[in-house]
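Here's the structure, in structure tokens; my notes come after.
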Amino acid sequence: MSEEPGDLSSLRRWGVVGAAFLSCFTCFGVAYSFGAFFDSMSEEFGSGKGMTALMFSLTTCFYFLGGVVTGKLADRFGPRRVVMVGAVSMGVGLFLTSLVQAIWVGFITYGVGVGTATACGYVPMVATVGGWFNKRRTVALGLAVAGIGAGTLICAPLAASLIDRYGWRTTYVIFAIAGMAALFIASIGAVKPPIVGGGGAVDLRALTRDRRFLTLYSASLITTMALFTPFVFVKTYATDRGIPSGRAAALIGVIGASSIVGRLGLGALGAKVGPIRLMQASFGVMAGSYAIWLVADGRYAVLVTFAIVLGVGYGGFIALSPAAVAVMFGTNGMATILGATYTGAGIGGLVGPPLAGAIIDGAGFNAGISYALITAAISTVVLFTLPVSRTSAA
């Protein structure tokens, strides 16, 4: 195994990981706390589950589809400027969302604001970590994206508490100030990685003809159609069955907490077993988790078990995707390639929650959960067609 690339000291190299952790914590902590706002906003605007979920879906779509743009910008200009743009977008978007008087305006303010911020703060920073590490890449990436789980763990219950005390509008103002400040701090550690081996620009058209890319892209699209269903609906599912709001919102936090285990544990194991094989296993774990949710019948202990299992699988998927991309395509232009891969997740995130909401409105929660289970199972089958070469353990 070759030495780490570039000329940064070990301390500064791990400082980049810390900056990426903070960026992921902020962006996804805000985005994935949407479930805590869901009931309050749906009640105030008189919108159904499917229409309200569309706000989250547009955000998800925007940051995943936007990743291919922010990835190219980061490869060209460096990640620091891109993350600073994300900081401004986060603050302005959330503040304007606190003022909206119609749900469709929130689609713009929240969807574009938080979506742009996350596109700027996720793909560029994760790719930056991947570019600064070789020997310890999977460990470093696991630590970086553990910020997503930590942000979900802390921000969703925090949002629920603040909403109970101050209302959802004031809570968004608080998140706007804190989120913008955190991303500006993260930008300080966003150091552009070195170019290794004289790599040039990425040919996206050639990439779309690569079977490995198409398989990973398709599996990511399909699994995210299921993945974001619990982030939007599990709190409402729990409160509908008599579980107090605080404990219901905590389920989203449990997904985040257990995803840290998946990100760190499976990320570290990926260095030995290979990220592709472990990512395939993570998809299977996510699919199995929905079967647990389906039989929960409102029992809180079973719902916690579901959240833990989903979180571990989801954490592995997020931690191992960048490592798998690095193994298959290298680290030169990694932000561009990773951003292109995530456009599939953007489409899945756009379609999935509103479709699940429409199914739930029409046929009940069990039908919506069954949809998530079937969709996740299909994505697992697709991903297992991805060839695992001997170099995948790199």
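Identifiers in the structure tokens: chain A, B, ... in order shown; residue index from 1 per chain; ligand index from 1 in order shown.
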Item to check | A:Ser321 environment, 12 Å, only C-alpha atoms, sequence neighbours closer than 2 positions dropped, as a PyMOL selection string | outcome: chain A and resi 123+126-127+130+138+141-142+145+213+216-217+219-220+263+266-267+270+274-280+282-283+314-319+323-329+334+337-339+341-342+345+383
Considering only C-alpha atoms, tabulate each residue of stretch 153-172 of chain A that lies at most 12 Å from stretch 228-251 of chain A along with its nearest interatomic pair and the corresponding distance in Å to one decimal; arrange the rows by chain and ascending residue number and present them as CSV.
```
residue,atom,partner,partner_atom,distance
A:Leu153,CA,A:Ala250,CA,7.8
A:Ile154,CA,A:Ala250,CA,9.2
A:Cys155,CA,A:Ala250,CA,9.9
A:Ala156,CA,A:Ala249,CA,6.5
A:Pro157,CA,A:Ala250,CA,5.5
A:Leu158,CA,A:Ala249,CA,9.2
A:Ala159,CA,A:Ala249,CA,8.9
A:Ala160,CA,A:Gly246,CA,6.6
A:Ser161,CA,A:Gly246,CA,7.3
A:Leu162,CA,A:Gly246,CA,10.8
A:Ile163,CA,A:Gly246,CA,10.6
A:Asp164,CA,A:Gly246,CA,9.2
```
Once you have the residues from the selection above, write them out as a PDB file, in the first residue's frame, restricted to C-alpha atoms.
```pdb
ATOM      1  CA  LEU A 153     -28.711  12.163  16.308  1.00  0.00           C
ATOM      2  CA  ILE A 154     -28.457  15.652  17.779  1.00  0.00           C
ATOM      3  CA  CYS A 155     -30.405  17.938  15.457  1.00  0.00           C
ATOM      4  CA  ALA A 156     -33.676  15.988  15.086  1.00  0.00           C
ATOM      5  CA  PRO A 157     -34.421  15.751  18.855  1.00  0.00           C
ATOM      6  CA  LEU A 158     -33.095  19.292  19.318  1.00  0.00           C
ATOM      7  CA  ALA A 159     -35.462  20.555  16.633  1.00  0.00           C
ATOM      8  CA  ALA A 160     -38.404  18.773  18.283  1.00  0.00           C
ATOM      9  CA  SER A 161     -37.564  20.371  21.635  1.00  0.00           C
ATOM     10  CA  LEU A 162     -37.158  23.843  20.141  1.00  0.00           C
ATOM     11  CA  ILE A 163     -40.397  23.513  18.170  1.00  0.00           C
ATOM     12  CA  ASP A 164     -42.308  22.581  21.338  1.00  0.00           C
TER      13      ASP A 164
END
```
Checklist entry - When DSSP works through the backbone of this structure, what residues of stretch 66-228 of chain A end up as helix (DSSP H, G or I), shown as JSON, numbers by chain? => result {"A": [66, 67, 68, 69, 70, 71, 72, 73, 74, 75, 76, 77, 79, 80, 81, 82, 83, 84, 85, 86, 87, 88, 89, 90, 91, 92, 93, 94, 95, 96, 97, 103, 104, 105, 106, 107, 108, 109, 110, 111, 112, 113, 114, 115, 116, 117, 118, 119, 120, 121, 123, 124, 125, 126, 127, 128, 129, 130, 131, 132, 137, 138, 139, 140, 141, 142, 143, 144, 145, 146, 147, 148, 149, 150, 151, 152, 153, 154, 155, 156, 157, 158, 159, 160, 161, 162, 163, 164, 165, 166, 168, 169, 170, 171, 172, 173, 174, 175, 176, 177, 178, 179, 180, 181, 182, 183, 184, 185, 186, 187, 188, 204, 205, 206, 207, 211, 212, 213, 214, 215, 216, 217, 218, 219, 220, 221, 222, 223, 224, 225, 226, 227, 228]}
Checklist entry - Counting only C-alpha atoms, which of A:Trp14, A:Phe184, A:Phe77, A:Tyr63 gets nearest to A:Gly113? => result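 Ranking A:Trp14, A:Phe184, A:Phe77, A:Tyr63 by distance to A:Gly113, first place goes to A:Tyr63.
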Checklist entry - Could you pull the residues within 7 Å of A:Ile260, counting only C-alpha atoms, minus those fewer than 6 positions along the same chain, as a ChimeraX atom specification? => result /A:146,149-150,315
Restricted to C-alpha atoms, what would the selected residues look like written as a CSV table (one decimal), in the first residue's frame?
```
chain,number,residue,atom,x,y,z
A,146,ALA,CA,-20.0,10.0,10.7
A,149,GLY,CA,-25.1,10.4,11.8
A,150,ALA,CA,-24.0,12.6,14.6
A,315,GLY,CA,-24.2,4.3,7.6
```
Checklist outcome for this item: atom CA of A:Met90 to atom CA of A:Met180 measures 5.8 Å
Next on the checklist: Quick check, in Å to one decimal: how far apart do atom CA of A:Ile308 and atom CA of A:Phe38 lie?
Outcome noted: 21.8 Å
Item to check | Distance in Å - atom CA of A:Thr385 versus atom CA of A:Ala287 | outcome: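 According to the coordinates, atom CA of A:Thr385 and atom CA of A:Ala287 are separated by 16.4 Å.
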Item to check | Residues within 8 Å of A:Ile148, only C-alpha atoms, excluding chain neighbours under 6 positions, as a PyMOL selection string | outcome: chain A and resi 21+24-29+256+260
Checklist entry - Could you pull the residues within 8 Å of A:Val112, counting only C-alpha atoms, minus those fewer than 3 positions along the same chain, as JSON, numbers by chain? => result {"A": [58, 59, 62, 93, 107, 108, 109, 115, 116]}
Item to check | Given only C-alpha atoms as the counted atoms, nearest of A:Ser42, A:Thr118, A:Ser23, A:Thr375 to A:Ala226 | outcome: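 Once distances to A:Ala226 are computed over only C-alpha atoms, the minimum belongs to A:Thr375.
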Next on the checklist: My list of candidates is A:Phe56, A:Leu264, A:Val381, A:Arg205. Which is closest to A:Ala140 when distances are computed with only C-alpha atoms?
Outcome noted: A:Leu264
